[in-house]
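The next block is input.txt, given as compact mmCIF, C-alpha atoms and all ligand atoms.
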```
# COMPACT_ATOMS: atom_id res chain seq x y z
CA MET A 215 -21.48 7.83 -21.69
CA GLY A 216 -19.06 10.66 -22.43
CA PRO A 217 -15.31 10.24 -22.09
CA PHE A 218 -15.30 12.38 -18.94
CA ALA A 219 -17.89 10.15 -17.23
CA LYS A 220 -15.82 7.10 -18.20
CA VAL A 221 -12.70 8.60 -16.64
CA VAL A 222 -14.60 9.46 -13.45
CA ILE A 223 -15.99 5.93 -13.20
CA PHE A 224 -12.53 4.45 -13.86
CA ILE A 225 -11.04 6.58 -11.10
CA LEU A 226 -13.89 5.68 -8.73
CA ILE A 227 -13.36 1.97 -9.37
CA ILE A 228 -9.62 2.27 -8.72
CA SER A 229 -10.23 4.33 -5.57
CA PHE A 230 -12.73 1.76 -4.35
CA GLY A 231 -10.15 -0.96 -4.87
CA VAL A 232 -7.39 1.02 -3.17
CA PHE A 233 -9.30 2.35 -0.22
CA SER A 234 -11.13 -0.89 0.43
CA LEU A 235 -7.77 -1.97 1.88
CA GLY A 236 -8.74 -0.03 4.99
CA LEU A 237 -12.19 -1.57 5.25
CA ASN A 238 -13.97 -1.87 8.48
CA ARG A 239 -16.42 -4.71 8.75
CA HIS A 240 -19.01 -2.54 10.52
CA THR A 241 -19.30 0.15 7.82
CA PRO A 242 -21.75 0.22 4.87
CA ILE A 243 -18.74 0.13 2.49
CA GLY A 244 -17.60 -3.03 4.30
CA ALA A 245 -21.06 -4.55 3.83
CA LEU A 246 -21.07 -3.59 0.14
CA HIS A 247 -17.61 -5.07 -0.27
CA ARG A 248 -18.73 -8.36 1.30
CA THR A 249 -21.85 -8.44 -0.88
CA ILE A 250 -19.79 -8.00 -4.05
CA TRP A 251 -16.93 -10.31 -3.18
CA ILE A 252 -18.53 -12.93 -0.94
CA HIS A 253 -22.32 -13.13 -1.09
CA ILE A 254 -22.88 -12.69 -4.86
CA PRO A 255 -20.11 -15.19 -5.88
CA LYS A 256 -21.53 -17.69 -3.35
CA PHE A 257 -25.00 -17.32 -4.85
CA VAL A 258 -23.74 -17.67 -8.45
CA THR A 259 -21.70 -20.75 -7.50
CA ALA A 260 -24.72 -22.36 -5.86
CA VAL A 261 -26.89 -21.78 -8.96
CA ASP A 262 -24.15 -23.14 -11.27
CA GLN A 263 -23.66 -26.14 -8.98
CA ARG A 264 -27.33 -26.98 -9.42
CA LEU A 265 -27.51 -26.36 -13.19
CA THR A 266 -24.21 -27.62 -14.63
CA GLY A 267 -22.58 -29.33 -11.69
CA GLY A 268 -20.26 -26.34 -11.21
CA ARG A 269 -18.63 -26.46 -14.64
CA ILE A 270 -19.05 -22.78 -15.54
CA THR A 271 -17.89 -21.31 -12.25
CA GLY A 272 -15.14 -23.94 -11.98
CA GLY A 273 -13.57 -22.88 -15.28
CA LEU A 274 -14.18 -19.22 -14.53
CA SER A 275 -12.63 -19.40 -11.12
CA ARG A 276 -9.55 -21.18 -12.48
CA GLY A 277 -9.10 -18.27 -14.91
CA VAL A 278 -9.80 -15.67 -12.25
CA ASN A 279 -7.52 -17.47 -9.80
CA ARG A 280 -4.73 -17.38 -12.32
CA MET A 281 -5.31 -13.65 -12.80
CA LEU A 282 -5.66 -12.85 -9.11
CA TYR A 283 -3.64 -15.44 -7.24
CA ASP A 284 -0.65 -16.11 -9.49
CA ARG A 285 2.12 -13.78 -10.43
CA HIS A 286 1.74 -12.47 -13.97
CA PRO A 287 3.02 -9.23 -15.48
CA THR A 288 -0.23 -7.95 -17.09
CA VAL A 289 -0.55 -4.85 -14.93
CA VAL A 290 3.19 -4.11 -15.07
CA ILE A 291 3.02 -4.17 -18.87
CA PHE A 292 -0.09 -1.97 -18.77
CA PHE A 293 1.66 0.51 -16.44
CA PHE A 294 4.79 0.47 -18.60
CA ALA A 295 2.70 1.01 -21.75
CA LEU A 296 0.88 3.96 -20.16
CA LEU A 297 4.20 5.57 -19.20
CA PHE A 298 5.91 4.90 -22.50
CA GLY A 299 2.88 5.65 -24.69
CA GLY A 300 2.20 8.90 -22.84
CA GLU A 301 5.78 10.06 -23.24
CA TYR A 302 5.90 8.97 -26.89
CA MET A 303 2.85 11.11 -27.62
CA PHE A 304 3.74 14.04 -25.39
CA LEU A 305 7.43 14.70 -26.02
CA PRO A 306 7.58 15.35 -29.82
CA ALA A 307 4.65 17.77 -29.52
CA ALA A 308 5.97 19.58 -26.46
CA TRP A 309 9.73 19.54 -27.21
CA PRO A 310 9.87 22.62 -29.50
CA HIS A 311 8.08 24.70 -26.86
CA MET A 312 10.42 23.75 -24.03
CA SER A 313 13.42 25.63 -22.64
CA TRP A 314 16.67 23.71 -22.13
CA LEU A 315 15.98 23.59 -18.37
CA ALA A 316 12.49 22.21 -18.94
CA LYS A 317 14.01 19.60 -21.28
CA LEU A 318 16.60 18.60 -18.70
CA ILE A 319 13.99 18.26 -15.94
CA ALA A 320 11.74 16.29 -18.31
CA LEU A 321 14.51 13.79 -19.10
CA ILE A 322 15.19 13.23 -15.39
CA ALA A 323 11.47 13.04 -14.58
CA ILE A 324 11.02 10.43 -17.33
CA ALA A 325 14.03 8.33 -16.35
CA LEU A 326 13.29 8.06 -12.63
CA PRO A 327 10.02 6.05 -12.68
CA TYR A 328 11.59 3.49 -15.05
CA THR A 329 14.60 3.19 -12.76
CA PHE A 330 12.51 2.72 -9.62
CA LEU A 331 10.08 0.39 -11.40
CA TYR A 332 13.04 -1.77 -12.38
CA LEU A 333 14.46 -1.70 -8.83
CA ALA A 334 11.07 -2.41 -7.21
CA CYS A 335 10.23 -5.27 -9.60
CA GLY A 336 13.66 -6.73 -10.07
CA GLY A 337 14.89 -7.05 -6.51
CA ASP A 338 14.09 -9.33 -3.63
CA PRO A 339 11.16 -7.96 -1.58
CA GLY A 340 12.49 -9.87 1.42
CA PHE A 341 11.53 -13.47 0.64
CA ILE A 342 12.12 -15.65 3.65
CA THR A 343 14.00 -18.81 2.77
CA ALA A 344 16.04 -21.22 4.84
CA GLU A 345 19.13 -19.15 3.97
CA THR A 346 17.71 -15.71 4.80
CA HIS A 347 15.57 -16.80 7.74
CA ALA A 348 18.05 -16.00 10.52
CA TYR A 349 18.66 -12.51 9.16
CA HIS A 350 14.95 -11.76 8.87
CA MET A 351 14.32 -13.07 12.38
CA SER A 352 16.85 -10.56 13.71
CA LEU A 353 15.25 -7.53 12.04
CA TYR A 354 12.26 -6.83 14.30
CA PRO A 355 11.32 -7.98 17.78
CA TYR A 356 7.91 -9.56 18.39
CA ASP A 357 5.46 -7.02 19.70
CA HIS A 358 3.32 -9.73 21.38
CA ALA A 359 0.22 -8.01 20.03
CA LEU A 360 0.12 -8.53 16.27
CA PHE A 361 3.08 -10.88 16.14
CA HIS A 362 3.70 -13.62 18.69
CA PRO A 363 6.78 -15.84 18.76
CA GLY A 364 6.66 -19.53 18.03
CA ARG A 365 4.22 -19.45 15.11
CA TYR A 366 5.11 -21.37 11.97
CA CYS A 367 4.12 -20.71 8.36
CA GLU A 368 2.34 -23.88 7.37
CA THR A 369 3.43 -23.56 3.73
CA CYS A 370 7.07 -22.51 4.16
CA LYS A 371 7.54 -24.61 7.35
CA LEU A 372 9.58 -21.80 8.89
CA LEU A 373 9.08 -19.75 12.06
CA LYS A 374 7.31 -16.53 11.11
CA PRO A 375 9.54 -13.55 11.83
CA ALA A 376 7.86 -10.51 13.40
CA ARG A 377 6.14 -8.29 10.80
CA SER A 378 6.32 -10.99 8.10
CA LYS A 379 3.41 -12.44 6.16
CA HIS A 380 2.96 -15.33 3.81
CA CYS A 381 1.93 -14.08 0.38
CA SER A 382 -0.42 -16.45 -1.40
CA ILE A 383 0.51 -14.95 -4.79
CA CYS A 384 4.30 -14.98 -4.40
CA LYS A 385 3.81 -18.28 -2.49
CA ARG A 386 6.47 -17.36 0.01
CA CYS A 387 6.79 -15.53 3.32
CA VAL A 388 7.88 -11.91 2.97
CA ALA A 389 9.78 -9.93 5.61
CA LYS A 390 8.04 -6.77 6.82
CA ALA A 391 5.32 -7.47 4.30
CA ASP A 392 3.33 -4.44 3.27
CA HIS A 393 1.07 -5.72 0.50
CA HIS A 394 1.23 -7.59 -2.78
CA CYS A 395 1.32 -4.94 -5.47
CA VAL A 396 -0.01 -5.79 -8.94
CA PHE A 397 1.73 -2.74 -10.43
CA ILE A 398 5.11 -4.29 -9.74
CA ASN A 399 3.88 -7.91 -9.85
CA LEU A 400 5.58 -8.54 -6.53
CA CYS A 401 5.17 -8.04 -2.83
CA VAL A 402 6.23 -4.77 -1.26
CA GLY A 403 8.31 -5.72 1.74
CA HIS A 404 11.50 -5.12 3.65
CA GLY A 405 13.66 -5.47 0.53
CA ASN A 406 11.88 -3.08 -1.84
CA HIS A 407 9.71 -0.76 0.24
CA ARG A 408 12.13 2.11 -0.44
CA TRP A 409 11.93 1.52 -4.20
CA PHE A 410 8.15 1.31 -4.06
CA LEU A 411 7.95 4.67 -2.25
CA SER A 412 10.47 6.18 -4.70
CA LEU A 413 8.42 4.82 -7.61
CA LEU A 414 5.26 6.46 -6.25
CA LEU A 415 7.02 9.76 -5.60
CA SER A 416 8.71 9.85 -9.02
CA THR A 417 5.48 8.90 -10.82
CA ALA A 418 3.56 11.57 -8.91
CA ALA A 419 6.24 14.12 -9.85
CA LEU A 420 6.23 12.99 -13.50
CA THR A 421 2.45 13.22 -13.92
CA SER A 422 2.34 16.62 -12.17
CA TYR A 423 5.22 17.97 -14.24
CA GLY A 424 3.77 16.63 -17.50
CA GLY A 425 0.34 18.01 -16.67
CA LEU A 426 1.62 21.45 -15.70
CA LEU A 427 4.02 21.67 -18.64
CA GLY A 428 1.30 20.61 -21.08
CA LEU A 429 -1.17 23.09 -19.60
CA SER A 430 1.35 25.93 -19.83
CA ILE A 431 2.17 25.12 -23.48
CA LEU A 432 -1.51 24.85 -24.38
CA SER A 433 -2.38 28.07 -22.58
CA GLY A 434 0.40 29.86 -24.53
CA VAL A 435 -1.14 28.59 -27.77
CA ILE A 436 -4.59 29.75 -26.66
CA LYS A 437 -3.34 33.23 -25.72
CA ASN A 438 -1.92 33.66 -29.23
CA ARG A 439 -5.20 32.71 -30.81
CA PHE A 440 -7.64 34.36 -28.39
CA PRO A 441 -6.30 37.71 -27.17
CA GLY A 442 -7.72 38.62 -23.77
CA TRP A 443 -7.85 34.97 -22.62
CA SER A 444 -5.86 33.93 -19.55
CA VAL A 445 -5.46 30.83 -17.39
CA TRP A 446 -7.55 32.41 -14.63
CA PRO A 447 -10.69 33.43 -16.52
CA PRO A 448 -10.66 37.24 -16.68
CA ALA A 449 -13.73 39.10 -15.39
CA GLY A 450 -16.44 39.18 -18.01
CA TYR A 451 -15.00 36.18 -19.87
CA GLY A 452 -17.81 33.60 -19.96
CA LEU A 453 -17.12 30.06 -18.69
CA ASN A 454 -18.35 28.68 -21.98
CA SER A 455 -15.89 30.60 -24.16
CA TYR A 456 -13.14 29.89 -21.63
CA LEU A 457 -13.70 26.11 -22.01
CA VAL A 458 -14.18 26.40 -25.77
CA ALA A 459 -10.67 27.87 -25.96
CA TRP A 460 -9.24 24.87 -24.01
CA SER A 461 -10.99 22.31 -26.16
CA TRP A 462 -9.90 24.18 -29.30
CA ALA A 463 -6.27 23.93 -28.18
CA MET A 464 -6.57 20.27 -27.22
CA GLU A 465 -8.15 19.32 -30.51
CA ARG A 466 -5.57 21.35 -32.42
CA ASP A 467 -2.84 19.12 -31.04
CA ILE A 468 -4.64 15.96 -30.06
CA SER A 469 -1.65 13.98 -28.73
CA LEU A 470 -0.42 16.86 -26.55
CA GLY A 471 -3.98 17.61 -25.45
CA ALA A 472 -4.83 13.99 -24.59
CA THR A 473 -1.61 13.29 -22.69
CA THR A 474 -1.85 16.59 -20.81
CA LEU A 475 -5.41 15.77 -19.79
CA PHE A 476 -4.42 12.23 -18.80
CA ALA A 477 -1.44 13.43 -16.72
CA THR A 478 -3.55 16.10 -15.03
CA LEU A 479 -6.31 13.64 -14.13
CA THR A 480 -4.08 10.79 -12.92
CA SER A 481 -1.69 12.98 -10.95
CA PRO A 482 -4.04 13.47 -7.93
CA LEU A 483 -4.60 9.71 -7.81
CA VAL A 484 -0.86 8.98 -7.66
CA TRP A 485 -0.35 11.66 -5.00
CA ALA A 486 -3.23 10.14 -3.01
CA LEU A 487 -1.56 6.71 -3.19
CA LEU A 488 1.74 8.22 -2.11
CA PHE A 489 0.17 10.00 0.88
CA TYR A 490 -1.77 6.88 1.80
CA THR A 491 1.53 4.97 1.87
CA LEU A 492 3.32 7.73 3.79
CA TYR A 493 0.45 7.80 6.26
CA HIS A 494 1.21 4.19 7.12
CA VAL A 495 4.87 5.14 7.56
CA TYR A 496 3.79 7.95 9.88
CA CYS A 497 1.72 5.45 11.89
CA GLY A 498 4.61 2.97 12.00
CA THR A 499 2.55 0.21 10.40
CA THR A 500 2.57 -1.70 7.17
CA THR A 501 -0.65 -2.06 5.17
CA ASN A 502 -0.86 -5.60 6.50
CA GLU A 503 -0.45 -4.42 10.08
CA SER A 504 -2.98 -1.64 9.74
CA LEU A 505 -5.56 -4.27 8.75
CA LYS A 506 -4.51 -6.39 11.72
CA TRP A 507 -4.80 -3.39 14.05
CA SER A 508 -8.28 -2.60 12.84
CA GLU A 509 -9.36 -6.23 13.34
CA LEU A 510 -7.83 -6.21 16.82
CA GLY A 511 -9.62 -2.91 17.56
CA GLU A 512 -12.92 -4.53 16.62
CA ASP A 513 -12.19 -7.54 18.83
CA MET A 514 -11.42 -5.09 21.65
CA ALA A 515 -14.69 -3.24 21.15
CA ASP A 516 -16.50 -6.59 21.32
CA GLY A 517 -14.73 -7.44 24.60
CA TYR A 518 -12.69 -10.31 23.09
CA ALA A 519 -9.17 -8.94 23.68
CA PHE A 520 -7.02 -9.37 26.77
CA THR A 521 -3.73 -8.01 28.00
CA ARG A 522 -1.17 -8.63 30.71
CA PRO A 523 2.23 -7.00 31.41
CA ILE A 524 5.59 -8.32 30.27
CA ARG A 525 8.42 -7.99 32.78
CA ARG A 526 11.62 -6.35 31.58
CA GLY A 527 14.58 -8.69 31.59
CA ARG A 528 12.28 -11.75 31.44
CA GLU A 529 13.61 -15.14 30.43
CA ARG A 530 13.28 -15.79 26.75
CA ASP A 531 13.47 -18.82 24.54
CA PHE A 532 16.02 -17.53 22.05
CA GLY A 533 15.19 -20.44 19.78
CA ILE A 534 11.88 -18.84 18.88
CA GLU A 535 12.42 -15.23 19.91
CA PRO A 536 15.88 -13.93 18.99
CA SER A 537 17.06 -10.70 20.50
CA CYS A 538 16.85 -7.78 18.14
CA SER A 539 19.64 -5.53 19.28
CA ARG A 540 19.05 -2.74 16.80
CA TRP A 541 15.45 -2.08 17.87
CA PRO A 542 15.42 0.42 20.73
CA VAL A 543 12.19 -0.71 22.41
CA GLU A 544 10.98 -3.82 24.18
CA PRO A 545 7.37 -4.96 24.32
CA GLU A 546 5.66 -4.05 27.57
CA MET A 547 2.44 -6.01 27.32
CA VAL A 548 0.88 -8.99 25.61
CA VAL A 549 -2.36 -8.46 23.73
CA ILE A 550 -4.39 -11.45 22.62
CA ALA A 551 -7.85 -11.76 21.15
CA THR A 552 -9.65 -15.00 21.89
CA ALA A 553 -12.34 -16.72 19.89
CA ASP A 554 -14.75 -17.22 22.80
CA GLY A 555 -14.36 -13.92 24.68
CA GLN A 556 -12.77 -15.74 27.65
CA PRO A 557 -9.21 -14.99 28.88
CA PRO A 558 -6.53 -16.97 26.99
CA VAL A 559 -5.81 -20.50 28.15
CA ILE A 560 -2.62 -22.30 27.14
CA HIS A 561 -3.27 -25.82 25.97
CA GLN A 562 -0.80 -28.64 25.55
CA GLY A 563 1.41 -28.21 22.48
CA MET A 564 0.62 -24.53 22.01
CA PRO A 565 3.44 -21.99 21.83
CA PRO A 566 3.86 -20.29 25.21
CA ILE A 567 2.36 -16.84 25.80
CA ALA A 568 4.58 -14.20 27.35
CA GLY A 569 3.69 -11.97 30.26
CA GLU A 570 2.72 -12.53 33.86
CA GLY A 571 -0.23 -11.97 36.11
CA ASP A 572 -3.94 -11.86 35.49
CA TRP A 573 -5.48 -11.09 32.16
CA GLU A 574 -7.40 -7.88 31.84
CA ARG A 575 -9.86 -6.98 29.13
CA VAL A 576 -8.62 -4.18 26.91
CA TRP A 577 -11.34 -2.17 25.24
CA LYS A 578 -9.57 0.37 23.10
CA LEU A 579 -6.56 0.49 20.78
CA LYS A 580 -5.40 3.68 22.45
CA ASN A 581 -4.53 1.63 25.55
CA VAL A 582 -2.02 -0.37 23.54
CA GLU A 583 1.29 0.83 22.19
CA ASN A 584 2.53 0.17 18.71
CA MET A 585 6.18 -0.58 19.40
CA TYR A 586 7.06 -0.43 15.70
CA ASP A 587 6.25 3.26 15.64
CA LEU A 588 9.34 5.27 16.53
CA GLY A 589 8.25 8.56 14.98
CA PHE A 590 7.98 9.46 11.30
CA ARG A 591 11.67 10.27 10.80
CA ASP A 592 12.94 6.98 12.24
CA ASN A 593 10.15 4.97 10.57
CA LEU A 594 11.18 6.42 7.24
CA ALA A 595 14.89 5.93 7.91
CA ASP A 596 14.19 2.28 8.75
CA ILE A 597 12.67 1.88 5.29
CA PHE A 598 15.44 3.64 3.39
CA PHE A 599 18.56 2.47 5.22
CA ARG A 600 19.31 -1.19 5.49
CA ASP A 601 19.84 -2.35 9.07
CA TYR A 602 19.27 1.19 10.28
CA ALA A 603 20.54 1.45 13.84
CA PHE A 604 18.47 3.73 15.99
CA GLY A 605 21.26 4.34 18.45
CA ARG A 606 21.11 3.44 22.09
CA ALA A 607 17.89 2.20 23.65
CA ARG A 608 15.70 5.13 24.51
CA ASP A 609 13.26 5.25 27.38
CA GLU A 610 11.31 8.16 26.02
CA LEU A 611 10.21 7.60 22.48
CA PRO A 612 7.57 9.58 20.71
CA PHE A 613 4.98 6.82 20.86
CA LYS A 614 1.75 7.44 19.15
CA SER A 615 -1.00 4.95 19.82
CA HIS A 616 -2.25 3.85 16.45
CA HIS A 617 -5.79 4.85 17.38
CA GLN A 618 -4.75 8.24 15.99
CA CYS A 619 -4.10 6.54 12.68
ZN ZN B 1 5.16 -18.77 4.17
ZN ZN B 2 3.30 -11.25 -3.06
```

Would you mind giving the structure from this file in structure tokens?
Ligand SMILES: [Zn+2]
Ligand SMILES: [Zn+2]
Amino acid sequence: MGPFAKVVIFILIISFGVFSLGLNRHTPIGALHRTIWIHIPKFVTAVDQRLTGGRITGGLSRGVNRMLYDRHPTVVIFFFALLFGGEYMFLPAAWPHMSWLAKLIALIAIALPYTFLYLACGGDPGFITAETHAYHMSLYPYDHALFHPGRYCETCKLLKPARSKHCSICKRCVAKADHHCVFINLCVGHGNHRWFLSLLLSTAALTSYGGLLGLSILSGVIKNRFPGWSVWPPAGYGLNSYLVAWSWAMERDISLGATTLFATLTSPLVWALLFYTLYHVYCGTTTNESLKWSELGEDMADGYAFTRPIRRGRERDFGIEPSCSRWPVEPEMVVIATADGQPPVIHQGMPPIAGEGDWERVWKLKNVENMYDLGFRDNLADIFFRDYAFGRARDELPFKSHHQC
């Protein structure tokens, strides 16, 4: 397999991992994902159980568990090494060809990802502890669709604030949990979402800048050697000789050539990750919530989800549902999916369900509002400014149902 094929396969594997976050259980990709991660391991475990009493898979799964379900800095070190190694190879080769402005931009472009990596890794992603619990409860109101009041985290023994999630790797609940990110060895949540976005943006800018700068230096070298050659192949210039000129230049300065190629190939991937993240911001969801919405959408399509209206100014148990004065919207309906396809029934000892009147089946996500979506600008401001106040309560907000997302 040639190096190019290896790079393509590497990128495909990463993309599969990244985009499988948005899996839908009814798609062929979803079926493939389940086969790889559920059915095959089950089969292997069963065979090992029979042959060795489960010794091989037991040891293997302890190792894999440590890799997957415990915090460890392997990927952070790998990411750091890629950044540092790339710069170490690129800069000495490129420096003599650069103007003072290009040098200045390069120094800033190099410094920013390290800064944001440090801020994203080093800070508190919004861990919910007994001390911070009250603050995190006050951040977001319950939407009564994805997040219902009165639910406890069984591990942390604390009421789950709206938009929070227990992370099995960090082993704590995280406020406005987005996802656990191996690149920073930490959850992305309320406390570091802004640094995570800044890290993605600065890394995307760095790889693009490095790629473009390297390509422009290399093309200058080629033009000196092959008169008549230009970046856009001139008419009559064969594709073969055009590519031969590129590979000549890359081999002539292998470290500049390799890092330029690497930056050029990884840059689209980083931009794709950035846009994927910004898309969630646009939709007013976290990665965690977008998974929950798609599950709820499937329950709706199967006829297992029910809704009933919530009256404004209703009585509330402030012990489990604190008021969230900064959020400009109140929930208007309860949405609940049941296990048996029958309207919800409240049993003894269960937390109460808000809303009044009869339950109605809801079939489509577009009939439900996402009250955490206040429009891209406000969604983004909520990430970047701590305790961002949206101003007075607004009746008309640019709601988008998340079915568009
Ligand atoms: Zn927890
Ligand atoms: Zn985590």

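When only C-alpha atoms and all ligand atoms are used to compute distances to ligand ZN 1 (chain B), the closest of the residues A:Gly569, A:Pro339, A:Pro375, A:Pro448 turns out to be A:Pro375.
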
Next item on the list: Do a neighbour search on Cys335 (chain A) at 10 Å with all atoms listed in the file, toss out local chain neighbours closer than 3 positions, and write the hits as a PyMOL selection string.
Entry: chain A and resi 290+330-332+338-339+395+397-402+406+409-410

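Among all protein and nucleic acid residues, the ones that lie within 7 Å of ligand ZN 2 (chain B) when counting all atoms listed in the file are Cys381, Ser382, Ile383, Cys384, His393, His394, Leu400 and Cys401 of chain A.
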
Next item on the list: List the neighbours of Thr521 (chain A) out to 8 Å using all atoms listed in the file; skip same-chain residues closer than 6 positions along the sequence, and give me the result as a ChimeraX atom specification.
Entry: /A:547-550,573-576

Item checked: A:Ala245, A:Leu415, A:Leu373, A:Ile252 ranked by distance to Thr491 (chain A), top pick (using only C-alpha atoms) -> A:Leu415

Next item on the list: Write out as a PyMOL selection string each polymer residue (protein, DNA or RNA) that has an atom no more than 6 Å from ligand ZN 1 (chain B), with all atoms listed in the file counted.
Entry: chain A and resi 367+369-370+380+386-387

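Nearest residue to Pro306 (chain A), choosing from A:Asp467, A:Asp392, A:Asp357, A:Asp284 and counting only C-alpha atoms: A:Asp467.
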
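Checking A:Leu432, A:Val289, A:Leu246, A:Ile597 one by one against Ala459 (chain A), counting all atoms listed in the file, you find the shortest gap at A:Leu432.
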
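Neighbouring residues of Arg526 (chain A) at 10 Å or closer, counting all atoms listed in the file and skipping chain neighbours under 2 positions away, are A:Pro523, A:Ile524, A:Arg528, A:Glu529, A:Glu544, A:Pro545, A:Glu546, A:Gly569.
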
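Nearest residue to Trp309 (chain A) among A:Gly424, A:Gly533, A:Gly442, A:Gly403 is A:Gly424, counting all atoms listed in the file.
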
Notebook entry, point to check: Using only C-alpha atoms, which residues sit within 12 Å of Val445 (chain A) once same-chain residues fewer than 6 positions away are excluded, as number ranges by chain?
Noted result: A: 426, 429-437, 451, 453, 456-457, 459-460

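Remark: for Ala486 (chain A), the closest of the candidate residues A:Ser508, A:Thr552, A:Thr500, A:Thr417 is A:Thr417 (distances computed over all atoms listed in the file).
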
Item checked: Å distance separating CA of Ala334 (chain A) from CA of Leu594 (chain A), one decimal place -> 16.9 Å

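Residues within 10 Å of region 268-277 of chain A, counting all atoms listed in the file and excluding same-chain residues fewer than 6 positions away, are Pro255, Val258, Thr259, Ala260, Val261, Asp262 and Tyr283 of chain A.
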
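One distance worth recording is that between CA of Asn593 (chain A) and CA of Lys390 (chain A), which is 12.5 Å.
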
Note to self: To one decimal place in Å, what is the distance between CA of Gly527 (chain A) and CA of Pro542 (chain A)?
What the structure shows: 14.2 Å

Item checked: Within 10 Å of file point (-3.1, -1.7, 7.4), counting all atoms listed in the file, expressed as a PyMOL selection string -> chain A and resi 235-237+392-393+491+494+497+499-509+619

With 5 Å on each side, where is the centre of the axis-aligned box around all listed atoms of region 400-404 of chain A, and how long are its edges in Å to one decimal, as JSON?
```
{"center_x": 8.3, "center_y": -6.7, "center_z": -1.4, "size_x": 16.3, "size_y": 13.8, "size_z": 20.2}
```
